[in-house]
$ cat input-v3.txt   # compact mmCIF, C-alpha atoms and all ligand atoms
# COMPACT_ATOMS: atom_id res chain seq x y z
CA MET A 17 24.55 61.90 -68.48
CA THR A 18 24.72 63.42 -65.00
CA ASN A 19 21.91 62.49 -62.68
CA LYS A 20 19.67 65.56 -62.30
CA LEU A 21 18.68 64.55 -58.81
CA ILE A 22 22.30 64.60 -57.75
CA LYS A 23 22.94 67.93 -59.42
CA GLN A 24 19.89 69.47 -57.84
CA TRP A 25 20.00 68.03 -54.33
CA ILE A 26 23.41 66.75 -53.30
CA ARG A 27 25.40 69.66 -51.85
CA PRO A 28 28.09 70.87 -54.27
CA GLU A 29 30.84 70.39 -51.70
CA ILE A 30 29.80 66.72 -51.32
CA GLN A 31 29.70 66.24 -55.10
CA ALA A 32 33.23 67.65 -55.20
CA LEU A 33 34.57 65.11 -52.69
CA SER A 34 36.17 61.84 -53.64
CA ALA A 35 35.23 58.94 -51.39
CA TYR A 36 37.76 57.68 -48.85
CA HIS A 37 39.40 54.82 -50.71
CA VAL A 38 40.43 51.67 -48.86
CA PRO A 39 42.24 49.18 -51.15
CA ASP A 40 41.38 45.49 -51.00
CA PRO A 41 44.41 43.77 -49.43
CA GLY A 42 43.56 40.30 -50.82
CA ASN A 43 46.17 37.92 -49.43
CA MET A 44 48.86 40.55 -49.06
CA ILE A 45 50.81 41.24 -45.89
CA LYS A 46 48.82 44.16 -44.58
CA LEU A 47 51.05 47.02 -43.43
CA ASP A 48 48.86 49.88 -44.61
CA ALA A 49 46.38 50.73 -41.86
CA MET A 50 48.16 50.88 -38.49
CA GLU A 51 46.53 47.69 -37.26
CA ASN A 52 48.00 45.54 -34.52
CA PRO A 53 48.99 42.32 -36.38
CA TYR A 54 48.50 39.95 -33.44
CA THR A 55 45.52 37.79 -32.52
CA TRP A 56 44.67 36.44 -29.05
CA PRO A 57 45.83 33.29 -27.28
CA GLN A 58 43.42 30.39 -27.96
CA GLN A 59 42.17 30.27 -24.35
CA MET A 60 41.14 33.91 -24.59
CA ILE A 61 39.36 33.38 -27.89
CA THR A 62 37.41 30.47 -26.40
CA GLU A 63 36.31 32.55 -23.41
CA TRP A 64 35.27 35.41 -25.66
CA GLN A 65 33.22 33.11 -27.89
CA ALA A 66 31.38 31.78 -24.84
CA LEU A 67 30.50 35.35 -23.89
CA LEU A 68 29.19 36.11 -27.35
CA GLN A 69 26.96 33.06 -27.16
CA ASP A 70 25.27 34.54 -24.12
CA THR A 71 24.81 37.97 -25.70
CA ALA A 72 21.26 38.79 -26.71
CA LEU A 73 21.01 40.31 -30.18
CA ASN A 74 17.26 40.92 -29.99
CA ARG A 75 17.73 43.71 -27.42
CA TYR A 76 19.18 47.16 -28.00
CA PRO A 77 22.54 47.78 -26.36
CA ASP A 78 22.89 49.91 -23.24
CA PRO A 79 22.60 53.37 -24.85
CA GLY A 80 25.14 54.89 -22.49
CA SER A 81 27.54 51.90 -22.55
CA ARG A 82 27.83 52.53 -18.82
CA SER A 83 29.73 49.45 -17.83
CA LEU A 84 32.23 49.75 -20.71
CA GLN A 85 32.62 53.45 -20.01
CA GLN A 86 33.48 52.71 -16.39
CA GLN A 87 36.06 50.19 -17.46
CA ILE A 88 37.62 52.64 -19.90
CA ARG A 89 37.89 55.23 -17.11
CA THR A 90 39.94 52.83 -15.05
CA ALA A 91 41.95 51.18 -17.83
CA PHE A 92 43.10 54.47 -19.34
CA ALA A 93 43.39 56.66 -16.22
CA ILE A 94 40.74 59.22 -17.10
CA PRO A 95 41.11 61.90 -14.40
CA ASP A 96 38.39 62.06 -11.75
CA GLY A 97 35.84 64.73 -12.48
CA MET A 98 36.23 64.39 -16.26
CA SER A 99 33.52 62.86 -18.41
CA VAL A 100 33.84 60.23 -21.12
CA MET A 101 31.91 59.80 -24.35
CA LEU A 102 32.25 56.73 -26.56
CA GLY A 103 32.13 56.71 -30.35
CA ASN A 104 31.86 54.17 -33.14
CA GLY A 105 35.57 54.65 -33.74
CA SER A 106 37.16 57.99 -33.02
CA ASP A 107 36.09 58.92 -36.55
CA GLU A 108 32.55 59.17 -35.21
CA ILE A 109 33.72 61.33 -32.32
CA ILE A 110 35.33 63.77 -34.76
CA GLN A 111 32.02 63.88 -36.58
CA ILE A 112 30.01 64.47 -33.39
CA ILE A 113 32.30 67.31 -32.30
CA ALA A 114 32.10 68.89 -35.75
CA MET A 115 28.30 68.60 -35.87
CA ALA A 116 28.06 70.31 -32.50
CA VAL A 117 29.88 73.44 -33.70
CA ALA A 118 29.04 73.41 -37.43
CA ALA A 119 28.21 76.64 -39.21
CA LYS A 120 29.32 77.52 -42.70
CA ASP A 121 31.61 80.39 -41.74
CA ARG A 122 33.30 78.41 -38.96
CA VAL A 123 36.68 76.78 -39.23
CA ILE A 124 38.24 73.47 -38.27
CA LEU A 125 42.01 73.87 -38.21
CA ALA A 126 44.75 71.25 -38.15
CA PRO A 127 48.43 71.01 -39.04
CA GLU A 128 49.25 69.39 -42.39
CA PRO A 129 50.10 66.76 -43.30
CA GLY A 130 47.66 65.33 -40.80
CA PHE A 131 44.80 62.87 -40.43
CA VAL A 132 42.58 63.31 -43.49
CA MET A 133 39.28 62.85 -41.63
CA TYR A 134 39.48 66.31 -40.01
CA ASN A 135 39.31 67.86 -43.47
CA MET A 136 36.71 65.43 -44.82
CA ILE A 137 34.39 65.73 -41.84
CA ALA A 138 34.62 69.54 -41.92
CA ARG A 139 33.22 69.27 -45.45
CA PHE A 140 30.57 66.71 -44.51
CA VAL A 141 29.11 69.12 -41.96
CA GLY A 142 29.46 72.21 -44.18
CA MET A 143 32.34 73.89 -42.33
CA GLN A 144 35.56 75.46 -43.57
CA TYR A 145 38.81 73.56 -43.16
CA VAL A 146 42.18 75.25 -42.78
CA GLY A 147 45.36 73.15 -42.93
CA VAL A 148 48.51 74.80 -41.59
CA PRO A 149 51.74 73.35 -43.05
CA LEU A 150 54.23 71.82 -40.64
CA HIS A 151 57.95 72.54 -40.99
CA ALA A 152 59.11 70.68 -44.10
CA ASP A 153 62.28 69.21 -42.63
CA ASP A 154 61.06 67.51 -39.45
CA PHE A 155 57.26 67.95 -39.46
CA SER A 156 57.37 70.02 -36.28
CA LEU A 157 54.75 72.72 -35.73
CA ASP A 158 55.34 76.00 -37.52
CA MET A 159 54.29 78.13 -34.58
CA ALA A 160 54.43 81.42 -36.47
CA ALA A 161 52.05 80.00 -39.06
CA MET A 162 49.82 78.39 -36.42
CA LYS A 163 49.51 81.63 -34.45
CA ALA A 164 48.77 83.63 -37.58
CA ALA A 165 46.11 81.13 -38.65
CA ILE A 166 44.51 81.08 -35.20
CA THR A 167 44.34 84.89 -35.19
CA GLU A 168 42.96 85.03 -38.72
CA HIS A 169 40.46 82.17 -38.64
CA LYS A 170 39.46 81.92 -34.97
CA PRO A 171 38.91 78.18 -35.36
CA ALA A 172 35.98 76.57 -33.58
CA ILE A 173 38.11 73.44 -33.25
CA ILE A 174 41.81 72.67 -33.59
CA PHE A 175 42.77 69.02 -33.99
CA LEU A 176 46.29 68.08 -32.96
CA ALA A 177 47.20 64.44 -33.46
CA TYR A 178 49.73 63.54 -30.77
CA PRO A 179 51.66 61.63 -32.20
CA ASN A 180 50.78 62.86 -35.67
CA ASN A 181 49.57 60.66 -38.53
CA PRO A 182 51.11 60.18 -41.12
CA THR A 183 54.38 61.70 -39.92
CA GLY A 184 54.74 59.73 -36.65
CA ASN A 185 56.32 62.53 -34.60
CA MET A 186 55.06 64.21 -31.42
CA PHE A 187 54.71 67.96 -31.51
CA ALA A 188 56.66 69.84 -28.81
CA ARG A 189 54.62 69.82 -25.59
CA GLU A 190 55.28 73.52 -24.84
CA GLN A 191 53.99 74.43 -28.29
CA VAL A 192 50.82 72.42 -27.80
CA GLU A 193 50.38 74.17 -24.45
CA GLU A 194 50.80 77.53 -26.15
CA ILE A 195 48.14 76.62 -28.70
CA LEU A 196 45.80 75.58 -25.87
CA THR A 197 46.27 79.02 -24.35
CA LEU A 198 45.84 80.94 -27.61
CA ALA A 199 42.94 79.01 -29.13
CA PRO A 200 39.57 80.74 -28.91
CA GLY A 201 37.72 77.43 -29.39
CA LEU A 202 38.14 73.78 -28.49
CA VAL A 203 41.42 71.93 -28.90
CA VAL A 204 41.18 68.17 -29.43
CA LEU A 205 44.36 66.25 -28.69
CA ASP A 206 43.91 63.18 -30.87
CA GLU A 207 45.91 60.52 -29.08
CA ALA A 208 45.04 57.63 -31.39
CA TYR A 209 48.63 56.36 -31.05
CA ALA A 210 48.99 56.94 -27.29
CA ALA A 211 49.83 53.28 -26.66
CA PHE A 212 53.08 53.69 -28.60
CA ALA A 213 54.11 57.07 -27.19
CA ASP A 214 55.61 58.24 -23.91
CA ASP A 215 53.63 61.43 -23.41
CA SER A 216 49.94 62.28 -23.20
CA PHE A 217 47.69 65.19 -22.30
CA MET A 218 45.24 62.97 -20.43
CA SER A 219 46.53 64.09 -17.03
CA ASN A 220 46.34 67.75 -18.15
CA LEU A 221 42.57 67.59 -18.55
CA GLY A 222 40.99 70.28 -16.44
CA GLN A 223 44.04 72.54 -16.57
CA TYR A 224 42.80 74.10 -19.80
CA PRO A 225 39.07 74.74 -20.17
CA ASN A 226 39.22 74.03 -23.92
CA LEU A 227 41.25 70.79 -23.82
CA LEU A 228 39.67 67.50 -24.92
CA VAL A 229 41.55 64.21 -25.29
CA MET A 230 40.40 61.70 -27.89
CA ARG A 231 41.67 58.14 -28.16
CA THR A 232 40.82 54.87 -29.88
CA VAL A 233 41.30 51.20 -29.13
CA SER A 234 41.87 50.54 -32.85
CA LYS A 235 45.65 50.67 -32.78
CA MET A 236 45.99 48.52 -29.68
CA GLY A 237 44.46 45.47 -31.29
CA LEU A 238 40.72 46.18 -31.51
CA ALA A 239 40.29 47.98 -34.83
CA GLY A 240 37.43 45.70 -35.83
CA LEU A 241 35.32 46.71 -32.85
CA ARG A 242 35.15 50.38 -33.87
CA LEU A 243 35.51 52.05 -30.50
CA GLY A 244 36.91 55.44 -29.64
CA TYR A 245 36.60 57.59 -26.54
CA LEU A 246 36.64 61.27 -25.75
CA ALA A 247 37.56 62.62 -22.31
CA GLY A 248 36.97 66.17 -21.16
CA PRO A 249 34.95 68.57 -19.04
CA ALA A 250 31.48 67.24 -18.19
CA ASP A 251 29.52 70.28 -19.37
CA ILE A 252 31.10 70.22 -22.84
CA LEU A 253 30.70 66.47 -23.26
CA GLN A 254 27.08 66.75 -22.19
CA GLU A 255 26.44 68.94 -25.23
CA PHE A 256 28.17 66.48 -27.56
CA ASP A 257 26.24 63.62 -26.03
CA LYS A 258 22.97 65.16 -27.23
CA ILE A 259 24.12 64.55 -30.81
CA ARG A 260 25.46 61.05 -30.30
CA LEU A 261 23.01 58.50 -31.69
CA PRO A 262 21.68 56.53 -28.73
CA TYR A 263 22.92 53.06 -29.67
CA ASN A 264 26.16 53.99 -31.38
CA ILE A 265 28.17 51.29 -29.59
CA ASN A 266 26.63 47.99 -30.59
CA VAL A 267 26.15 45.16 -28.18
CA LEU A 268 28.91 42.96 -29.66
CA THR A 269 31.39 45.81 -29.33
CA GLN A 270 30.36 46.52 -25.75
CA VAL A 271 30.71 42.90 -24.70
CA SER A 272 33.92 42.29 -26.65
CA ALA A 273 35.66 45.51 -25.58
CA GLU A 274 34.86 44.87 -21.93
CA PHE A 275 36.25 41.38 -22.28
CA ALA A 276 39.38 42.57 -24.10
CA LEU A 277 40.05 45.25 -21.49
CA ARG A 278 39.81 42.65 -18.74
CA HIS A 279 42.77 41.10 -20.55
CA LYS A 280 44.54 44.37 -21.19
CA ASP A 281 47.86 42.77 -20.20
CA VAL A 282 47.69 40.72 -23.42
CA LEU A 283 47.09 43.83 -25.51
CA ASP A 284 49.87 45.67 -23.65
CA GLN A 285 52.33 42.86 -24.35
CA GLN A 286 51.47 43.07 -28.04
CA THR A 287 51.99 46.83 -27.95
CA ASP A 288 55.42 46.28 -26.36
CA LEU A 289 56.34 43.86 -29.15
CA ILE A 290 55.28 46.42 -31.74
CA ARG A 291 57.39 49.10 -30.04
CA GLN A 292 60.43 46.79 -30.10
CA GLU A 293 59.83 45.99 -33.73
CA ARG A 294 59.50 49.69 -34.51
CA SER A 295 63.07 50.23 -33.27
CA ARG A 296 64.38 47.31 -35.28
CA LEU A 297 62.52 48.37 -38.44
CA TYR A 298 63.69 51.97 -38.02
CA ALA A 299 67.33 50.91 -37.69
CA GLN A 300 67.09 48.65 -40.73
CA LEU A 301 65.44 51.34 -42.85
CA MET A 302 68.08 53.85 -41.76
CA SER A 303 70.79 51.58 -43.18
CA ILE A 304 69.23 51.57 -46.66
CA LYS A 305 70.56 54.14 -49.12
CA GLY A 306 68.12 56.40 -50.94
CA LEU A 307 65.61 56.63 -48.08
CA THR A 308 64.90 59.38 -45.59
CA VAL A 309 63.40 57.76 -42.49
CA TYR A 310 61.41 59.85 -40.02
CA PRO A 311 61.51 59.02 -36.29
CA SER A 312 58.19 57.67 -35.02
CA GLU A 313 56.38 57.46 -31.71
CA ALA A 314 53.49 55.58 -33.31
CA ASN A 315 53.08 52.09 -34.81
CA PHE A 316 54.13 53.16 -38.29
CA ILE A 317 57.12 54.77 -39.97
CA LEU A 318 57.12 57.40 -42.71
CA ILE A 319 59.84 57.17 -45.33
CA ARG A 320 60.77 59.38 -48.26
CA VAL A 321 62.16 57.71 -51.36
CA SER A 322 64.75 59.60 -53.40
CA ASP A 323 64.90 60.04 -57.19
CA GLY A 324 61.11 59.99 -57.62
CA ARG A 325 61.03 56.22 -57.08
CA ALA A 326 58.33 56.06 -54.38
CA ASN A 327 55.55 54.87 -56.68
CA ALA A 328 57.83 52.23 -58.15
CA LEU A 329 58.83 50.99 -54.69
CA PHE A 330 55.18 50.87 -53.63
CA GLU A 331 54.36 48.75 -56.71
CA ALA A 332 57.38 46.50 -56.16
CA LEU A 333 56.16 45.86 -52.61
CA LYS A 334 52.69 45.11 -53.89
CA SER A 335 54.00 42.66 -56.46
CA GLY A 336 55.98 41.05 -53.65
CA GLY A 337 52.80 40.69 -51.59
CA VAL A 338 53.23 43.60 -49.16
CA LEU A 339 50.67 46.38 -48.98
CA ILE A 340 51.73 49.70 -47.42
CA LYS A 341 50.30 53.21 -47.76
CA ASN A 342 51.33 55.23 -50.78
CA LEU A 343 51.38 58.95 -49.98
CA ALA A 344 53.73 59.84 -52.83
CA ASN A 345 50.99 61.50 -54.84
CA ALA A 346 49.25 63.15 -51.88
CA GLY A 347 50.97 66.44 -52.63
CA GLY A 348 52.07 69.01 -50.09
CA LEU A 349 54.95 67.93 -47.89
CA LEU A 350 54.40 64.23 -48.56
CA GLN A 351 55.96 64.19 -52.02
CA ASP A 352 57.70 60.80 -52.53
CA CYS A 353 56.58 59.50 -49.13
CA LEU A 354 55.39 56.03 -48.15
CA ARG A 355 54.06 54.92 -44.77
CA VAL A 356 54.58 51.45 -43.39
CA THR A 357 52.79 50.02 -40.38
CA VAL A 358 54.95 48.00 -37.98
CA GLY A 359 53.92 44.37 -38.36
CA LYS A 360 55.09 41.04 -36.98
CA PRO A 361 58.85 40.40 -37.20
CA GLU A 362 58.47 38.11 -40.21
CA GLU A 363 56.21 40.61 -41.99
CA ASN A 364 58.70 43.41 -41.39
CA ASP A 365 61.50 41.14 -42.62
CA LYS A 366 59.64 40.53 -45.87
CA PHE A 367 59.09 44.27 -46.27
CA ILE A 368 62.77 45.04 -45.63
CA GLU A 369 63.89 42.30 -47.99
CA ILE A 370 61.92 43.86 -50.86
CA VAL A 371 63.05 47.42 -50.05
CA ASN A 372 66.66 46.23 -49.83
CA GLY A 373 66.47 44.52 -53.19
CA PHE A 374 64.84 47.48 -54.90
N1 LIG A 401 42.92 59.78 -35.40
C1 LIG A 401 44.05 59.47 -36.03
C2 LIG A 401 45.22 60.38 -35.90
C3 LIG A 401 44.13 58.31 -36.81
O1 LIG A 401 45.26 58.03 -37.47
C4 LIG A 401 42.99 57.47 -36.91
C5 LIG A 401 42.99 56.19 -37.71
N2 LIG A 401 43.77 56.14 -38.82
C6 LIG A 401 41.84 57.84 -36.24
C7 LIG A 401 41.83 58.99 -35.48
C8 LIG A 401 40.56 57.06 -36.35
O2 LIG A 401 40.59 55.89 -35.61
P1 LIG A 401 39.32 55.00 -35.35
O3 LIG A 401 38.17 55.61 -36.09
O4 LIG A 401 39.69 53.66 -35.84
O5 LIG A 401 39.10 55.03 -33.88
$ encode --input "input-v3.txt" --output "structure tokens" --more "lines below"
Ligand code: PMP
Amino acid sequence: MTNKLIKQWIRPEIQALSAYHVPDPGNMIKLDAMENPYTWPQQMITEWQALLQDTALNRYPDPGSRSLQQQIRTAFAIPDGMSVMLGNGSDEIIQIIAMAVAAKDRVILAPEPGFVMYNMIARFVGMQYVGVPLHADDFSLDMAAMKAAITEHKPAIIFLAYPNNPTGNMFAREQVEEILTLAPGLVVLDEAYAAFADDSFMSNLGQYPNLLVMRTVSKMGLAGLRLGYLAGPADILQEFDKIRLPYNINVLTQVSAEFALRHKDVLDQQTDLIRQERSRLYAQLMSIKGLTVYPSEANFILIRVSDGRANALFEALKSGGVLIKNLANAGGLLQDCLRVTVGKPEENDKFIEIVNGF
């Protein structure tokens, strides 16, 4: 029997959603969620634990995370004159931006396949979502389709993940610039994977009145802290900041992120290792028959498995103790696709061994 309360009160579009499913990895090698696989040197862990011991949990955190914000400005070269807003993961920032513009006839637009949260959050806040298909062969922007969709839907927000998840490629810079010029609303460059890429729009902030740059520390080794940041013009961020819940960055995250960023060289070294491993993994995958391997500027690689065998390969990996992301049934352009996060050398070796023997 359906619960009458749900039928009567939960919005139909929420009832129609399926919850974001995160599988339990158990003891498997975890190559499904774009995490950095490395931990810290023991000395660093000891210092961090000492800091935590001195952190008061009975007090609210600094609501503006001022000290952390200042450190982020320096560590990530936020241009002078631009403001910064922190979120409980960049997921929360997407939600704050959406809440600030939400109205039921307004549109959030993003290329597809793309990061699923843009679509989900549009629904959470009661907005329309429009996904514009990328070119099927190389996942580049279909500019004719993008322009037509911008003209038709006049999106309040366009999200462009740069590099894109789950495809791993960067869109052409000139095309992104064209979109910035054409868009009637805000354009959020989602640079979640900036640490693994060679280009960024951070230094272009201020050149376009509608440009915002969003990043996260998740992929550079701090996924557990839940910390994202948005950089952009002060007057726009001031509006968003009214919606941000006052203590959204908890005290353990503030203390730990500040500590980690004081040791950013360690995180950067880990990122370098991941980039090297990405090249090795890419070359090895390229040598395996029956796979199409897409070039990546992120910490994961998208592959397409021929002969409808993607689900079977995913299961074979699981049985062999390796968890990756199965996109084979996601529909659209991702038919027969799997996404693997770049892990430690030995983890990638295990993955390759199973794929090779499949
Ligand atoms: N943007 C993109 C493109 C992502 O892939 C992700 C994580 N998968 C996020 C944002 C969210 O990151 P977080 O909430 O961990 O900061």
$ residues_near_ligand --input "input-v3.txt" --ligand "ligand LIG 401 (chain A)" --cutoff "6 Å" --atoms "all atoms listed in the file" --output "number ranges by chain"
A: 105-107, 131, 177, 181, 206, 208, 232, 234, 239, 242-244
$ residues_around --input "input-v3.txt" --residues "segment 61-72 of chain A" --least-positions-apart "2" --cutoff "9 Å" --atoms "all atoms listed in the file" --output "mmCIF file with C-alpha atoms, in the coordinates of the input"
data_model
loop_
_atom_site.group_PDB
_atom_site.id
_atom_site.type_symbol
_atom_site.label_atom_id
_atom_site.label_comp_id
_atom_site.auth_asym_id
_atom_site.auth_seq_id
_atom_site.Cartn_x
_atom_site.Cartn_y
_atom_site.Cartn_z
ATOM 1 C CA THR A 55 45.520 37.790 -32.520
ATOM 2 C CA TRP A 56 44.670 36.440 -29.050
ATOM 3 C CA PRO A 57 45.830 33.290 -27.280
ATOM 4 C CA GLN A 58 43.420 30.390 -27.960
ATOM 5 C CA GLN A 59 42.170 30.270 -24.350
ATOM 6 C CA ASN A 74 17.260 40.920 -29.990
ATOM 7 C CA ARG A 75 17.730 43.710 -27.420
ATOM 8 C CA TYR A 76 19.180 47.160 -28.000
ATOM 9 C CA VAL A 267 26.150 45.160 -28.180
ATOM 10 C CA LEU A 268 28.910 42.960 -29.660
ATOM 11 C CA VAL A 271 30.710 42.900 -24.700
ATOM 12 C CA SER A 272 33.920 42.290 -26.650
ATOM 13 C CA PHE A 275 36.250 41.380 -22.280
ATOM 14 C CA ALA A 276 39.380 42.570 -24.100
#
$ closest_atom_pairs --input "input-v3.txt" --of "segment 165-268 of chain A" --to "segment 95-98 of chain A" --cutoff "7 Å" --atoms "all atoms listed in the file" --output "CSV"
residue,atom,partner,partner_atom,distance
A:Ser219,CA,A:Pro95,CA,6.4
A:Ala247,CA,A:Met98,CA,6.4
A:Gly248,CA,A:Met98,CA,5.3
A:Pro249,CA,A:Met98,CA,5.2
A:Ala250,CA,A:Met98,CA,5.9
$ closest_residue --input "input-v3.txt" --among "A:Ala93, A:Leu196, A:Leu238, A:Met44" --to "Ser216 of chain A" --atoms "only C-alpha atoms"
A:Ala93
$ residues_around --input "input-v3.txt" --residues "Gln254 of chain A" --least-positions-apart "2" --cutoff "12 Å" --atoms "all atoms listed in the file" --output "list in words"
Met98, Ser99, Val100, Met101, Ile112, Ile113, Ala116, Leu246, Ala247, Gly248, Pro249, Ala250, Asp251, Ile252, Phe256, Asp257, Lys258, Ile259 and Arg260 of chain A
$ residues_around --input "input-v3.txt" --residues "Tyr54 of chain A" --least-positions-apart "6" --cutoff "10 Å" --atoms "only C-alpha atoms" --output "NGL selection string"
:A and (236-237 or 283 or 286-287 or 289-290 or 359-360)
$ residues_around --input "input-v3.txt" --residues "Asn135 of chain A" --least-positions-apart "2" --cutoff "10 Å" --atoms "all atoms listed in the file" --output "PyMOL selection string"
chain A and resi 124-126+130-133+137-140+143-147
$ atom_distance --input "input-v3.txt" --atom1 "atom CA of Val123 of chain A" --atom2 "atom CA of Lys170 of chain A"
7.2 Å
$ closest_residue --input "input-v3.txt" --among "A:Leu157, A:Leu47, A:Val204, A:Leu228" --to "Arg189 of chain A" --atoms "all atoms listed in the file"
A:Leu157
$ atom_distance --input "input-v3.txt" --atom1 "atom CA of Ile319 of chain A" --atom2 "atom CA of Asp214 of chain A"
21.9 Å
$ atom_distance --input "input-v3.txt" --atom1 "atom CA of Ile30 of chain A" --atom2 "atom CA of Asn345 of chain A"
22.1 Å
$ residues_near_point --input "input-v3.txt" --point "(53.1, 75.9, -41.3)" --cutoff "9 Å" --atoms "only C-alpha atoms" --output "list in words"
Pro127, Glu128, Gly147, Val148, Pro149, Leu150, His151, Ala152, Ser156, Leu157, Asp158, Met159, Ala160, Ala161 and Met162 of chain A
$ closest_residue --input "input-v3.txt" --among "A:Leu350, A:Ala210, A:Val338, A:Val229" --to "Glu363 of chain A" --atoms "all atoms listed in the file"
A:Val338
$ closest_residue --input "input-v3.txt" --among "A:Arg296, A:Arg355, A:Lys163, A:Arg291" --to "Phe330 of chain A" --atoms "only C-alpha atoms"
A:Arg355
$ closest_residue --input "input-v3.txt" --among "A:Ser335, A:Asn364, A:Gln111, A:Asn220" --to "Gly142 of chain A" --atoms "only C-alpha atoms"
A:Gln111
$ closest_residue --input "input-v3.txt" --among "A:Glu193, A:Met115, A:Ile88, A:Met136" --to "Ala32 of chain A" --atoms "only C-alpha atoms"
A:Met136
$ residues_around --input "input-v3.txt" --residues "Leu202 of chain A" --least-positions-apart "3" --cutoff "8 Å" --atoms "only C-alpha atoms" --output "list in words"
Ala172, Ile173, Ile174, Ala199, Asn226, Leu227 and Leu228 of chain A
$ write_last_selection --input "input-v3.txt" --atoms "C-alpha atoms" --output "PDB file, keeping the file's coordinate frame"
ATOM      1  CA  ALA A 172      35.980  76.570 -33.580  1.00  0.00           C
ATOM      2  CA  ILE A 173      38.110  73.440 -33.250  1.00  0.00           C
ATOM      3  CA  ILE A 174      41.810  72.670 -33.590  1.00  0.00           C
ATOM      4  CA  ALA A 199      42.940  79.010 -29.130  1.00  0.00           C
ATOM      5  CA  ASN A 226      39.220  74.030 -23.920  1.00  0.00           C
ATOM      6  CA  LEU A 227      41.250  70.790 -23.820  1.00  0.00           C
ATOM      7  CA  LEU A 228      39.670  67.500 -24.920  1.00  0.00           C
TER       8      LEU A 228
END
$ decode --input "input-v3.txt" --residues "segment 74-85 of chain A" --atoms "N, CA and C atoms" --output "PDB file, in the first residue's frame"
ATOM      1  N   ASN A  74      32.759  21.667  21.317  1.00  0.00           N
ATOM      2  CA  ASN A  74      31.577  22.250  21.973  1.00  0.00           C
ATOM      3  C   ASN A  74      31.209  23.604  21.378  1.00  0.00           C
ATOM      4  N   ARG A  75      32.120  24.172  20.580  1.00  0.00           N
ATOM      5  CA  ARG A  75      31.852  25.489  19.971  1.00  0.00           C
ATOM      6  C   ARG A  75      31.487  25.319  18.498  1.00  0.00           C
ATOM      7  N   TYR A  76      30.628  26.218  18.020  1.00  0.00           N
ATOM      8  CA  TYR A  76      30.346  26.254  16.582  1.00  0.00           C
ATOM      9  C   TYR A  76      31.616  26.629  15.824  1.00  0.00           C
ATOM     10  N   PRO A  77      31.707  26.176  14.579  1.00  0.00           N
ATOM     11  CA  PRO A  77      32.854  26.616  13.770  1.00  0.00           C
ATOM     12  C   PRO A  77      32.739  28.085  13.384  1.00  0.00           C
ATOM     13  N   ASP A  78      33.833  28.653  12.898  1.00  0.00           N
ATOM     14  CA  ASP A  78      33.777  30.009  12.331  1.00  0.00           C
ATOM     15  C   ASP A  78      32.800  29.965  11.149  1.00  0.00           C
ATOM     16  N   PRO A  79      31.693  30.717  11.214  1.00  0.00           N
ATOM     17  CA  PRO A  79      30.667  30.594  10.164  1.00  0.00           C
ATOM     18  C   PRO A  79      31.181  30.994   8.785  1.00  0.00           C
ATOM     19  N   GLY A  80      32.158  31.861   8.734  1.00  0.00           N
ATOM     20  CA  GLY A  80      32.669  32.287   7.425  1.00  0.00           C
ATOM     21  C   GLY A  80      33.935  31.542   7.025  1.00  0.00           C
ATOM     22  N   SER A  81      34.383  30.604   7.844  1.00  0.00           N
ATOM     23  CA  SER A  81      35.636  29.853   7.579  1.00  0.00           C
ATOM     24  C   SER A  81      36.729  30.798   7.087  1.00  0.00           C
ATOM     25  N   ARG A  82      36.894  31.937   7.774  1.00  0.00           N
ATOM     26  CA  ARG A  82      37.744  32.989   7.211  1.00  0.00           C
ATOM     27  C   ARG A  82      39.182  32.558   6.979  1.00  0.00           C
ATOM     28  N   SER A  83      39.735  31.869   7.981  1.00  0.00           N
ATOM     29  CA  SER A  83      41.134  31.518   7.867  1.00  0.00           C
ATOM     30  C   SER A  83      41.350  30.489   6.739  1.00  0.00           C
ATOM     31  N   LEU A  84      40.464  29.501   6.661  1.00  0.00           N
ATOM     32  CA  LEU A  84      40.554  28.505   5.588  1.00  0.00           C
ATOM     33  C   LEU A  84      40.358  29.173   4.223  1.00  0.00           C
ATOM     34  N   GLN A  85      39.396  30.080   4.187  1.00  0.00           N
ATOM     35  CA  GLN A  85      39.123  30.770   2.921  1.00  0.00           C
ATOM     36  C   GLN A  85      40.360  31.527   2.429  1.00  0.00           C
TER      37      GLN A  85
END
